[in-house]
file start.cif (mmCIF, C-alpha atoms and all ligand atoms)
data_protein
loop_
_atom_site.label_atom_id
_atom_site.label_comp_id
_atom_site.auth_asym_id
_atom_site.auth_seq_id
_atom_site.Cartn_x
_atom_site.Cartn_y
_atom_site.Cartn_z
CA MET A 243 85.36 -4.18 -128.12
CA LEU A 244 84.50 -7.07 -125.81
CA ARG A 245 84.04 -10.69 -126.73
CA MET A 246 83.38 -13.67 -124.53
CA SER A 247 85.26 -16.93 -124.92
CA VAL A 248 82.65 -19.68 -125.23
CA ILE A 249 85.11 -22.19 -123.82
CA THR A 250 86.24 -20.45 -120.63
CA GLY A 251 83.66 -17.75 -119.95
CA THR A 252 86.52 -15.24 -119.86
CA PHE A 253 85.72 -11.73 -121.05
CA ILE A 254 88.42 -10.64 -123.54
CA ARG A 255 89.10 -7.13 -124.75
CA GLY A 256 89.79 -6.74 -128.45
CA ALA A 257 92.77 -4.42 -128.41
CA GLU A 258 96.21 -5.38 -127.04
CA PRO A 259 96.64 -2.80 -124.31
CA MET A 260 100.35 -3.11 -123.53
CA ILE A 261 103.30 -1.82 -125.49
CA GLN A 262 104.89 -4.88 -127.05
CA ASN A 263 108.60 -5.35 -126.85
CA HIS A 264 111.20 -8.07 -126.77
CA LYS A 265 111.20 -8.54 -123.02
CA GLN A 266 109.82 -11.59 -121.31
CA ALA A 267 106.29 -10.98 -120.06
CA LEU A 268 104.96 -11.69 -116.58
CA ARG A 269 101.22 -11.96 -117.10
CA ILE A 270 99.39 -10.59 -114.08
CA GLY A 271 96.01 -11.81 -112.84
CA MET A 272 94.74 -9.24 -110.35
CA ILE A 273 92.09 -10.35 -107.88
CA GLY A 274 90.25 -7.34 -106.44
CA TYR A 275 89.93 -3.82 -107.79
CA GLY A 276 89.55 -1.48 -104.82
CA PHE A 277 92.02 1.08 -103.50
CA MET A 278 94.90 -1.42 -103.62
CA GLY A 279 93.84 -2.70 -107.03
CA ARG A 280 94.43 0.83 -108.31
CA THR A 281 97.82 1.26 -106.66
CA HIS A 282 99.03 -2.10 -107.99
CA SER A 283 97.62 -1.62 -111.50
CA ASN A 284 99.27 1.77 -111.69
CA ALA A 285 102.58 0.21 -110.61
CA TYR A 286 102.42 -2.50 -113.28
CA ARG A 287 101.62 0.08 -115.93
CA GLN A 288 104.45 2.44 -115.02
CA VAL A 289 107.32 0.22 -113.97
CA SER A 290 108.73 -0.70 -117.40
CA GLN A 291 108.74 2.91 -118.49
CA PHE A 292 111.04 3.96 -115.63
CA PHE A 293 113.05 0.86 -114.68
CA ASP A 294 115.18 -1.13 -117.11
CA LEU A 295 114.16 -4.67 -116.20
CA PRO A 296 114.49 -7.99 -118.03
CA ILE A 297 110.80 -8.73 -117.49
CA ARG A 298 107.76 -6.58 -118.18
CA PRO A 299 104.42 -7.05 -116.43
CA VAL A 300 101.37 -7.49 -118.65
CA LEU A 301 97.88 -6.69 -117.34
CA GLN A 302 96.34 -9.96 -118.43
CA ALA A 303 93.19 -10.22 -116.29
CA VAL A 304 91.40 -8.53 -113.43
CA CYS A 305 88.79 -10.26 -111.31
CA GLY A 306 85.87 -9.00 -109.23
CA ARG A 307 82.42 -10.30 -108.32
CA ASP A 308 80.53 -7.34 -109.75
CA ARG A 309 80.66 -7.78 -113.50
CA ALA A 310 79.92 -4.19 -114.50
CA LYS A 311 82.41 -2.69 -112.06
CA THR A 312 85.10 -5.20 -112.96
CA GLU A 313 84.63 -4.52 -116.66
CA ALA A 314 84.83 -0.77 -116.08
CA PHE A 315 88.01 -1.24 -114.03
CA SER A 316 89.51 -3.49 -116.68
CA GLN A 317 88.84 -0.90 -119.38
CA ASN A 318 90.11 1.99 -117.31
CA TRP A 319 93.41 0.32 -116.51
CA GLY A 320 93.88 -1.56 -119.79
CA TYR A 321 93.50 -5.18 -118.68
CA ALA A 322 93.28 -7.61 -121.58
CA SER A 323 90.39 -9.52 -120.00
CA PHE A 324 88.33 -9.87 -116.85
CA GLU A 325 86.83 -12.62 -114.74
CA THR A 326 84.12 -12.77 -112.10
CA ASP A 327 85.42 -15.86 -110.24
CA TRP A 328 88.94 -15.82 -108.78
CA ARG A 329 89.31 -19.56 -109.38
CA ALA A 330 89.27 -18.90 -113.13
CA VAL A 331 92.28 -16.57 -112.75
CA VAL A 332 94.20 -19.13 -110.74
CA ASP A 333 93.38 -21.86 -113.29
CA ARG A 334 94.25 -19.91 -116.43
CA ASP A 335 97.39 -21.01 -118.28
CA ASP A 336 98.00 -17.50 -119.56
CA ILE A 337 98.48 -16.06 -116.05
CA ASP A 338 101.97 -16.21 -114.48
CA ALA A 339 101.44 -14.19 -111.31
CA VAL A 340 98.40 -13.70 -109.10
CA ASP A 341 98.02 -10.40 -107.28
CA ILE A 342 95.74 -10.62 -104.24
CA CYS A 343 94.13 -7.34 -103.20
CA VAL A 344 90.84 -8.46 -101.70
CA PRO A 345 89.81 -8.24 -98.02
CA ASN A 346 92.08 -10.12 -95.61
CA ASP A 347 89.75 -13.08 -95.00
CA ARG A 348 90.22 -14.14 -98.66
CA HIS A 349 94.04 -14.00 -98.80
CA GLY A 350 94.69 -17.50 -97.47
CA GLU A 351 92.37 -19.48 -99.71
CA ILE A 352 93.43 -17.65 -102.88
CA ALA A 353 97.14 -17.71 -102.10
CA ILE A 354 97.17 -21.44 -101.33
CA ALA A 355 95.26 -22.24 -104.55
CA ALA A 356 97.55 -19.96 -106.58
CA ALA A 357 100.65 -21.59 -105.10
CA ARG A 358 99.30 -25.04 -105.98
CA ALA A 359 98.71 -23.81 -109.51
CA GLY A 360 102.37 -22.75 -109.69
CA LYS A 361 101.74 -19.01 -109.90
CA ALA A 362 103.98 -16.31 -108.46
CA ILE A 363 102.02 -14.41 -105.80
CA LEU A 364 101.97 -10.76 -104.75
CA CYS A 365 99.69 -10.48 -101.72
CA GLU A 366 98.33 -7.39 -99.98
CA LYS A 367 99.10 -6.90 -96.30
CA PRO A 368 98.56 -8.19 -93.70
CA LEU A 369 99.48 -11.68 -94.89
CA ALA A 370 96.63 -13.52 -93.17
CA MET A 371 93.87 -13.46 -90.56
CA ASP A 372 96.20 -15.01 -88.00
CA VAL A 373 99.46 -16.92 -87.60
CA SER A 374 98.03 -20.38 -88.25
CA GLU A 375 96.58 -19.30 -91.59
CA GLY A 376 99.77 -17.40 -92.40
CA GLN A 377 101.82 -20.52 -91.66
CA ARG A 378 99.69 -22.54 -94.11
CA MET A 379 100.31 -19.86 -96.76
CA VAL A 380 104.06 -19.92 -96.14
CA ASP A 381 104.05 -23.73 -96.34
CA ALA A 382 102.11 -23.60 -99.62
CA VAL A 383 104.40 -21.13 -101.41
CA GLU A 384 107.57 -22.76 -100.12
CA LYS A 385 106.37 -26.27 -101.06
CA ALA A 386 105.42 -25.06 -104.54
CA GLY A 387 108.65 -23.04 -104.86
CA VAL A 388 106.79 -20.03 -106.28
CA ALA A 389 107.98 -16.42 -106.03
CA ASN A 390 106.08 -14.52 -103.36
CA THR A 391 105.99 -11.11 -101.74
CA VAL A 392 103.69 -9.07 -99.50
CA TRP A 393 102.97 -5.43 -100.29
CA TYR A 394 104.40 -3.69 -97.23
CA ASN A 395 105.05 -0.73 -99.49
CA TYR A 396 106.54 1.75 -97.02
CA ARG A 397 109.91 -0.03 -97.02
CA ARG A 398 110.31 1.42 -100.49
CA VAL A 399 109.82 5.07 -99.71
CA PRO A 400 113.28 6.41 -100.65
CA GLY A 401 113.70 8.05 -97.21
CA VAL A 402 112.89 4.78 -95.43
CA THR A 403 115.22 2.76 -97.66
CA LEU A 404 117.91 5.36 -96.95
CA ALA A 405 117.34 4.91 -93.20
CA HIS A 406 117.83 1.17 -93.72
CA ARG A 407 121.12 1.80 -95.54
CA LEU A 408 122.42 4.04 -92.75
CA ILE A 409 121.49 1.44 -90.14
CA GLN A 410 123.05 -1.40 -92.17
CA ALA A 411 126.24 0.65 -92.49
CA GLY A 412 126.41 0.79 -88.67
CA ARG A 413 126.03 4.58 -88.52
CA LEU A 414 123.68 4.52 -85.52
CA GLY A 415 125.92 2.51 -83.20
CA ARG A 416 124.12 0.77 -80.36
CA VAL A 417 120.36 1.30 -80.71
CA PHE A 418 118.43 2.25 -77.56
CA HIS A 419 114.95 3.23 -78.74
CA TYR A 420 112.52 2.63 -81.59
CA ARG A 421 109.16 4.39 -81.61
CA ALA A 422 106.52 4.38 -84.29
CA SER A 423 102.94 5.47 -84.70
CA PHE A 424 100.28 5.32 -87.39
CA LEU A 425 97.48 7.80 -86.73
CA GLN A 426 94.24 8.35 -88.64
CA ASP A 427 90.85 9.93 -87.86
CA TRP A 428 88.40 8.53 -90.41
CA THR A 429 86.21 6.40 -88.11
CA ILE A 430 85.30 8.96 -85.45
CA SER A 431 81.72 9.44 -86.70
CA GLU A 432 79.25 7.14 -84.93
CA SER A 433 77.09 6.98 -88.05
CA LEU A 434 79.83 5.36 -90.15
CA PRO A 435 78.62 1.84 -91.02
CA GLN A 436 80.80 -1.25 -90.64
CA GLY A 437 81.42 -3.96 -93.23
CA GLY A 438 80.85 -4.14 -96.98
CA ALA A 439 82.60 -2.39 -99.85
CA ALA A 440 85.30 0.05 -98.74
CA LEU A 441 84.33 -0.45 -95.08
CA TRP A 442 85.38 -4.07 -94.60
CA ARG A 443 88.33 -2.81 -92.52
CA LEU A 444 85.82 -2.14 -89.73
CA ASP A 445 84.47 -5.70 -89.78
CA ALA A 446 86.63 -8.16 -87.82
CA ALA A 447 85.21 -11.11 -89.78
CA ALA A 448 86.71 -9.68 -92.98
CA ALA A 449 89.73 -7.84 -91.60
CA GLY A 450 90.85 -10.10 -88.75
CA SER A 451 91.57 -7.10 -86.54
CA GLY A 452 91.36 -3.33 -86.60
CA VAL A 453 94.31 -0.98 -86.48
CA THR A 454 96.66 -3.76 -85.37
CA GLY A 455 96.52 -5.68 -88.67
CA ASP A 456 95.81 -2.66 -90.84
CA LEU A 457 98.18 0.02 -89.56
CA LEU A 458 100.48 -1.33 -86.86
CA ALA A 459 101.37 -4.16 -89.24
CA HIS A 460 103.09 -1.51 -91.41
CA CYS A 461 104.95 -0.13 -88.39
CA ILE A 462 105.99 -3.63 -87.35
CA ASP A 463 107.19 -4.63 -90.83
CA THR A 464 109.34 -1.50 -91.06
CA ALA A 465 110.62 -1.97 -87.48
CA LEU A 466 111.64 -5.60 -88.05
CA TRP A 467 113.43 -4.55 -91.23
CA LEU A 468 115.22 -1.60 -89.65
CA ASN A 469 115.83 -2.79 -86.10
CA GLY A 470 115.63 -6.59 -86.13
CA SER A 471 113.50 -9.07 -84.24
CA ILE A 472 111.02 -8.32 -81.46
CA GLU A 473 111.09 -10.70 -78.51
CA ARG A 474 108.29 -9.58 -76.17
CA VAL A 475 105.27 -7.27 -76.28
CA SER A 476 102.73 -5.81 -73.89
CA ALA A 477 99.68 -4.11 -75.39
CA MET A 478 96.39 -2.37 -74.74
CA THR A 479 93.52 -1.88 -77.20
CA GLU A 480 90.24 0.02 -77.16
CA THR A 481 87.05 -0.04 -79.21
CA PHE A 482 85.59 3.42 -78.77
CA ILE A 483 82.34 2.95 -80.69
CA LYS A 484 80.77 -0.26 -79.49
CA ALA A 485 78.07 -0.87 -82.12
CA ARG A 486 77.61 0.15 -85.75
CA LYS A 487 75.10 -0.53 -88.51
CA HIS A 488 76.29 -3.02 -91.11
CA GLN A 489 76.51 -1.36 -94.52
CA GLU A 490 74.90 -4.27 -96.37
CA THR A 491 72.28 -5.66 -93.96
CA GLY A 492 71.43 -2.50 -92.01
CA GLU A 493 71.66 -4.59 -88.82
CA VAL A 494 73.28 -2.90 -85.80
CA ARG A 495 76.04 -5.17 -84.55
CA ALA A 496 78.77 -5.06 -81.93
CA VAL A 497 82.05 -3.67 -83.25
CA THR A 498 84.76 -6.24 -82.59
CA ILE A 499 87.80 -4.59 -84.14
CA ASP A 500 90.39 -2.64 -82.15
CA ASP A 501 89.93 1.07 -82.89
CA ALA A 502 93.20 1.92 -81.14
CA CYS A 503 96.17 -0.09 -79.99
CA ALA A 504 99.39 0.79 -78.18
CA PHE A 505 102.16 -1.59 -77.24
CA LEU A 506 105.59 -1.78 -75.70
CA ALA A 507 108.21 -4.06 -77.22
CA ARG A 508 111.62 -5.45 -76.37
CA PHE A 509 113.82 -5.93 -79.44
CA GLY A 510 116.41 -8.70 -79.76
CA ASN A 511 119.17 -6.04 -79.96
CA GLY A 512 118.28 -4.80 -76.48
CA SER A 513 116.44 -1.66 -77.58
CA LEU A 514 112.98 -0.65 -76.31
CA GLY A 515 110.06 -0.10 -78.66
CA VAL A 516 106.92 2.03 -78.26
CA PHE A 517 104.17 1.66 -80.88
CA GLU A 518 100.79 3.37 -81.21
CA SER A 519 97.99 3.31 -83.73
CA THR A 520 94.47 4.71 -83.83
CA ARG A 521 91.73 5.85 -86.19
CA TYR A 522 90.60 8.41 -83.60
CA ALA A 523 93.43 10.96 -83.68
CA ARG A 524 91.48 13.96 -84.97
CA GLY A 525 93.52 15.81 -87.58
CA HIS A 526 95.72 12.87 -88.56
CA LYS A 527 95.01 11.25 -91.93
CA ALA A 528 97.98 9.00 -92.66
CA GLY A 529 100.27 9.94 -89.79
CA TYR A 530 102.81 7.17 -90.02
CA GLY A 531 106.16 8.04 -88.54
CA PHE A 532 109.07 6.48 -86.71
CA GLU A 533 112.15 7.56 -84.79
CA ILE A 534 115.17 5.45 -83.93
CA ASN A 535 117.81 6.56 -81.45
CA GLY A 536 121.31 5.12 -81.56
CA ALA A 537 124.39 6.10 -79.56
CA ASP A 538 125.94 7.79 -82.61
CA MET A 539 122.96 8.85 -84.69
CA SER A 540 119.18 9.28 -84.55
CA LEU A 541 116.80 9.11 -87.51
CA ARG A 542 113.24 10.36 -87.85
CA TRP A 543 110.76 9.94 -90.71
CA ASP A 544 107.13 10.89 -91.34
CA LEU A 545 104.87 9.71 -94.18
CA GLU A 546 103.09 13.06 -94.50
CA ASN A 547 106.49 14.53 -95.38
CA LEU A 548 107.77 11.38 -96.98
CA HIS A 549 110.67 12.83 -98.93
CA ARG A 550 112.52 14.04 -95.87
CA LEU A 551 114.67 11.95 -93.57
CA GLU A 552 115.69 13.78 -90.42
CA VAL A 553 119.16 12.94 -89.14
CA PHE A 554 121.06 13.83 -85.97
CA ASP A 555 124.72 12.84 -86.37
CA HIS A 556 126.61 13.05 -83.10
CA SER A 557 129.95 13.01 -84.95
CA ASP A 558 129.20 16.39 -86.56
CA ALA A 559 131.30 19.28 -85.29
CA SER A 560 129.56 20.63 -82.20
CA ILE A 561 129.35 24.16 -83.62
CA THR A 562 126.81 23.04 -86.22
CA ARG A 563 125.62 19.76 -84.70
CA GLY A 564 121.84 19.40 -84.66
CA TRP A 565 118.93 17.76 -86.42
CA HIS A 566 119.14 18.29 -90.16
CA THR A 567 116.84 17.25 -92.93
CA VAL A 568 117.90 15.27 -95.97
CA HIS A 569 115.62 15.88 -98.93
CA VAL A 570 115.92 12.37 -100.36
CA SER A 571 115.74 13.29 -104.03
CA ASP A 572 119.31 13.39 -105.28
CA HIS A 573 120.93 11.43 -108.09
CA GLY A 574 124.29 9.68 -107.86
CA GLY A 575 123.22 6.43 -106.22
CA ASP A 576 123.07 7.45 -102.56
CA HIS A 577 119.37 8.27 -102.61
CA PRO A 578 117.52 5.01 -103.31
CA TYR A 579 115.37 4.77 -106.45
CA MET A 580 115.63 8.49 -107.24
CA GLU A 581 117.80 8.18 -110.34
CA LYS A 582 114.89 6.45 -112.05
CA TRP A 583 112.70 9.51 -111.73
CA TRP A 584 113.01 13.17 -112.64
CA VAL A 585 115.90 15.49 -111.86
CA PRO A 586 117.45 16.08 -108.42
CA GLY A 587 115.15 17.94 -106.06
CA LEU A 588 111.89 16.89 -107.72
CA GLN A 589 109.76 14.71 -105.52
CA ILE A 590 107.84 11.52 -106.02
CA GLY A 591 104.99 10.19 -103.87
CA TYR A 592 102.96 7.38 -102.35
CA GLU A 593 102.21 5.58 -105.62
CA HIS A 594 105.91 5.25 -106.39
CA THR A 595 106.43 2.94 -103.41
CA PHE A 596 104.35 0.35 -105.25
CA ILE A 597 106.25 0.91 -108.48
CA HIS A 598 109.52 0.36 -106.58
CA HIS A 599 108.12 -2.83 -105.11
CA VAL A 600 107.16 -4.20 -108.52
CA ALA A 601 110.56 -3.20 -109.92
CA ASP A 602 112.34 -5.04 -107.10
CA PHE A 603 110.02 -8.01 -107.47
CA LEU A 604 110.63 -8.31 -111.22
CA ALA A 605 114.42 -7.95 -110.82
CA ALA A 606 114.46 -10.60 -108.09
CA TYR A 607 112.15 -12.86 -110.12
CA ALA A 608 114.49 -12.65 -113.10
CA ARG A 609 117.45 -13.60 -110.89
CA GLY A 610 115.48 -16.37 -109.19
CA GLU A 611 115.91 -14.65 -105.81
CA PRO A 612 113.35 -13.77 -103.12
CA CYS A 613 111.80 -10.32 -103.02
CA HIS A 614 111.42 -9.12 -99.43
CA PRO A 615 109.16 -9.00 -97.58
CA THR A 616 108.35 -12.58 -98.54
CA PHE A 617 105.42 -14.51 -97.08
CA ARG A 618 107.87 -15.81 -94.45
CA ASP A 619 108.91 -12.25 -93.53
CA ALA A 620 105.26 -11.21 -93.33
CA LEU A 621 104.54 -14.19 -91.06
CA ALA A 622 107.00 -12.67 -88.58
CA THR A 623 104.90 -9.48 -88.60
CA GLN A 624 101.74 -11.57 -88.19
CA ARG A 625 103.28 -13.21 -85.11
CA ILE A 626 103.77 -9.83 -83.48
CA CYS A 627 100.22 -8.74 -84.39
CA ASP A 628 98.73 -11.91 -82.88
CA ALA A 629 100.85 -11.53 -79.74
CA VAL A 630 99.82 -7.87 -79.41
CA LEU A 631 96.13 -8.80 -79.57
CA THR A 632 96.57 -11.67 -77.09
CA SER A 633 98.50 -9.42 -74.75
CA ALA A 634 95.77 -6.76 -74.88
CA ARG A 635 93.09 -9.36 -74.19
CA GLN A 636 94.95 -10.97 -71.30
CA GLU A 637 96.71 -7.86 -70.00
CA SER A 638 99.94 -9.85 -70.17
CA TRP A 639 103.45 -9.67 -71.57
CA GLU A 640 103.68 -12.08 -74.53
CA SER A 641 106.86 -13.71 -75.82
CA ILE A 642 107.14 -14.04 -79.58
CA ALA A 643 107.57 -17.63 -80.75
CA LYS A 644 110.69 -18.06 -82.91
C1 LIG B 1 93.65 2.23 -94.17
O1 LIG B 1 93.03 3.48 -94.18
C2 LIG B 1 94.86 2.23 -95.07
O2 LIG B 1 94.41 2.40 -96.37
C3 LIG B 1 95.62 0.92 -94.95
O3 LIG B 1 94.81 -0.19 -95.31
C4 LIG B 1 96.86 0.98 -95.79
O4 LIG B 1 97.60 -0.21 -95.68
C5 LIG B 1 97.68 2.17 -95.33
O5 LIG B 1 98.85 2.25 -96.10
C6 LIG B 1 96.90 3.45 -95.45
O6 LIG B 1 95.73 3.30 -94.73
#

call {"tool": "encode", "arguments": {"input": "start.cif", "output": "structure tokens", "more": "lines below"}}
Ligand code: SOE
result
Amino acid sequence: MLRMSVITGTFIRGAEPMIQNHKQALRIGMIGYGFMGRTHSNAYRQVSQFFDLPIRPVLQAVCGRDRAKTEAFSQNWGYASFETDWRAVVDRDDIDAVDICVPNDRHGEIAIAAARAGKAILCEKPLAMDVSEGQRMVDAVEKAGVANTVWYNYRRVPGVTLAHRLIQAGRLGRVFHYRASFLQDWTISESLPQGGAALWRLDAAAAGSGVTGDLLAHCIDTALWLNGSIERVSAMTETFIKARKHQETGEVRAVTIDDACAFLARFGNGSLGVFESTRYARGHKAGYGFEINGADMSLRWDLENLHRLEVFDHSDASITRGWHTVHVSDHGGDHPYMEKWWVPGLQIGYEHTFIHHVADFLAAYARGEPCHPTFRDALATQRICDAVLTSARQESWESIAK
């Protein structure tokens, strides 16, 4: 049953969708309902069932411009209400946290307004269209003192978190090399339109950039987390299909995103980085992987086989020394997050990375601590992305501003 508040224009569902309990609620206002809207909504719905947290998220409102689609989404996922103007979500007193999962060109305006309204903010990646906008967002959340995080979800794949633990424990020794790639093949067809629903990632005005902001940003976030700061980059980009029809207007326009990007990097720890991303690698759908080589140990991970972390430990006895695979699914505390799920050996998947992120966010929120990556962390990734694009344009090496 749907009723409309005559005072606010908010559409309110009759039934209380969430299980009530004694825990403090964090009332979520979700702006956007596309692919990411689904992953985040699913995470909010599941997290309290699997993680014992002092705070439970409540699906208070979802917002989208298309009333019928937003209402359908709100019903499907059990939101208590819906809005058709994001400003209403930011202004509502019964919303504690704003989740931003709209195209990149809207992140800045919404995040700054939400910060001013005192809301916690969970923002989709990449943080912003460029560093200057990202800096304004960081200033806004830090001035307002509101909790903030950016959904670089791959940090919370158990195998990736395990890699982080091994690196933090010093198991790799001196690191020499870091290489990462994110390969897809979904834009090869020349008849694929650009812009509009689901295809805004192909429109630079909405996305800011192509694979650099969309895919390499993931690789960079993980790299900064695992291997520390990047000091210099040198990049090349290519746009293979030069013009495409716009999905909404039908007009054929120049394509201005980068279809592919590769760059070299020098890390602050002295190691060398090689990064590559493309949407033209036929056969690859979500081929995100990285390898890191240290003097004592190497690690390798691949999203299409996300439960496995490959390890080469040079201290193993030479008779059996070699690459071995850890199926990161055990209980006992060594395998991150896995105790919260099924029994040892049974796998989890992509959607769980978002659940882990929400769990970590809620735990940090309750303690009054930051949940990484924060807006400030994501600004560091944005700096690399901007430098990569400048370097490709100018065919130069670019230093990363501190
Ligand atoms: C693009 O296809 C995309 O959906 C990215 O936008 C996501 O961030 C990435 O995780 C998967 O690919």

call {"tool": "closest_residue", "arguments": {"input": "start.cif", "among": "A:Arg413, A:Arg329, A:Lys484, A:Lys367", "to": "ligand LIG 1 (chain B)", "atoms": "all atoms listed in the file"}}
result
A:Lys367

call {"tool": "closest_atom_pairs", "arguments": {"input": "start.cif", "of": "range 468-507 of chain A", "to": "range 617-641 of chain A", "cutoff": "7 Å", "atoms": "all atoms listed in the file", "output": "Markdown table"}}
result
| residue | atom | partner | partner_atom | distance |
| --- | --- | --- | --- | --- |
| A:Glu473 | CA | A:Ser641 | CA | 5.8 |
| A:Arg474 | CA | A:Ser641 | CA | 4.4 |
| A:Val475 | CA | A:Glu640 | CA | 5.4 |
| A:Ser476 | CA | A:Trp639 | CA | 4.6 |
| A:Ala477 | CA | A:Ala634 | CA | 4.8 |
| A:Met478 | CA | A:Ala634 | CA | 4.4 |
| A:Thr479 | CA | A:Ala634 | CA | 5.9 |

call {"tool": "residues_near_ligand", "arguments": {"input": "start.cif", "ligand": "ligand LIG 1 (chain B)", "cutoff": "8 Å", "atoms": "only C-alpha atoms and all ligand atoms", "output": "ChimeraX atom specification"}}
result
/A:277,367,394-396,426,428,443,456-457,460,528

call {"tool": "closest_atom_pairs", "arguments": {"input": "start.cif", "of": "range 394-437 of chain A", "to": "range 576-588 of chain A", "cutoff": "12 Å", "atoms": "all atoms listed in the file", "output": "Markdown table"}}
result
| residue | atom | partner | partner_atom | distance |
| --- | --- | --- | --- | --- |
| A:Arg397 | CA | A:Pro578 | CA | 11.1 |
| A:Arg398 | CA | A:Tyr579 | CA | 8.5 |
| A:Val399 | CA | A:Pro578 | CA | 8.5 |
| A:Pro400 | CA | A:Pro578 | CA | 5.2 |
| A:Gly401 | CA | A:Pro578 | CA | 7.8 |
| A:Val402 | CA | A:Pro578 | CA | 9.1 |
| A:Thr403 | CA | A:Pro578 | CA | 6.5 |
| A:Leu404 | CA | A:Pro578 | CA | 6.4 |
| A:Ala405 | CA | A:Pro578 | CA | 10.1 |
| A:His406 | CA | A:Pro578 | CA | 10.3 |
| A:Arg407 | CA | A:Pro578 | CA | 9.1 |
| A:Leu408 | CA | A:Asp576 | CA | 10.4 |

call {"tool": "write_last_selection", "arguments": {"input": "start.cif", "atoms": "C-alpha atoms", "output": "mmCIF file, keeping the file's coordinate frame"}}
result
data_model
loop_
_atom_site.group_PDB
_atom_site.id
_atom_site.type_symbol
_atom_site.label_atom_id
_atom_site.label_comp_id
_atom_site.auth_asym_id
_atom_site.auth_seq_id
_atom_site.Cartn_x
_atom_site.Cartn_y
_atom_site.Cartn_z
ATOM 1 C CA ARG A 397 109.910 -0.030 -97.020
ATOM 2 C CA ARG A 398 110.310 1.420 -100.490
ATOM 3 C CA VAL A 399 109.820 5.070 -99.710
ATOM 4 C CA PRO A 400 113.280 6.410 -100.650
ATOM 5 C CA GLY A 401 113.700 8.050 -97.210
ATOM 6 C CA VAL A 402 112.890 4.780 -95.430
ATOM 7 C CA THR A 403 115.220 2.760 -97.660
ATOM 8 C CA LEU A 404 117.910 5.360 -96.950
ATOM 9 C CA ALA A 405 117.340 4.910 -93.200
ATOM 10 C CA HIS A 406 117.830 1.170 -93.720
ATOM 11 C CA ARG A 407 121.120 1.800 -95.540
ATOM 12 C CA LEU A 408 122.420 4.040 -92.750
#

call {"tool": "closest_atom_pairs", "arguments": {"input": "start.cif", "of": "range 329-403 of chain A", "to": "range 284-302 of chain A", "cutoff": "10 Å", "atoms": "all atoms listed in the file", "output": "tab-separated table"}}
result
residue	atom	partner	partner_atom	distance
A:Val331	CA	A:Gln302	CA	9.6
A:Asp336	CA	A:Gln302	CA	7.8
A:Ile337	CA	A:Gln302	CA	6.9
A:Asp338	CA	A:Gln302	CA	9.3
A:Ala339	CA	A:Pro299	CA	9.3

call {"tool": "residues_around", "arguments": {"input": "start.cif", "residues": "Pro345 in chain A", "least_positions_apart": "5", "cutoff": "8 Å", "atoms": "only C-alpha atoms", "output": "list in words"}}
result
Trp442, Arg443, Ala448 and Ala449 of chain A

call {"tool": "atom_distance", "arguments": {"input": "start.cif", "atom1": "CA of Leu458 in chain A", "atom2": "CA of Asn535 in chain A"}}
result
19.8 Å

call {"tool": "atom_distance", "arguments": {"input": "start.cif", "atom1": "CA of Trp393 in chain A", "atom2": "CA of Val600 in chain A"}}
result
9.3 Å

call {"tool": "closest_residue", "arguments": {"input": "start.cif", "among": "A:Val417, A:Gly510, A:Tyr530, A:Ile342", "to": "Lys644 in chain A", "atoms": "all atoms listed in the file"}}
result
A:Gly510

call {"tool": "atom_distance", "arguments": {"input": "start.cif", "atom1": "CA of Glu533 in chain A", "atom2": "CA of Leu466 in chain A"}}
result
13.6 Å

call {"tool": "closest_residue", "arguments": {"input": "start.cif", "among": "A:Ala362, A:Ala322, A:Val453, A:Ala357", "to": "Tyr607 in chain A", "atoms": "only C-alpha atoms"}}
result
A:Ala362
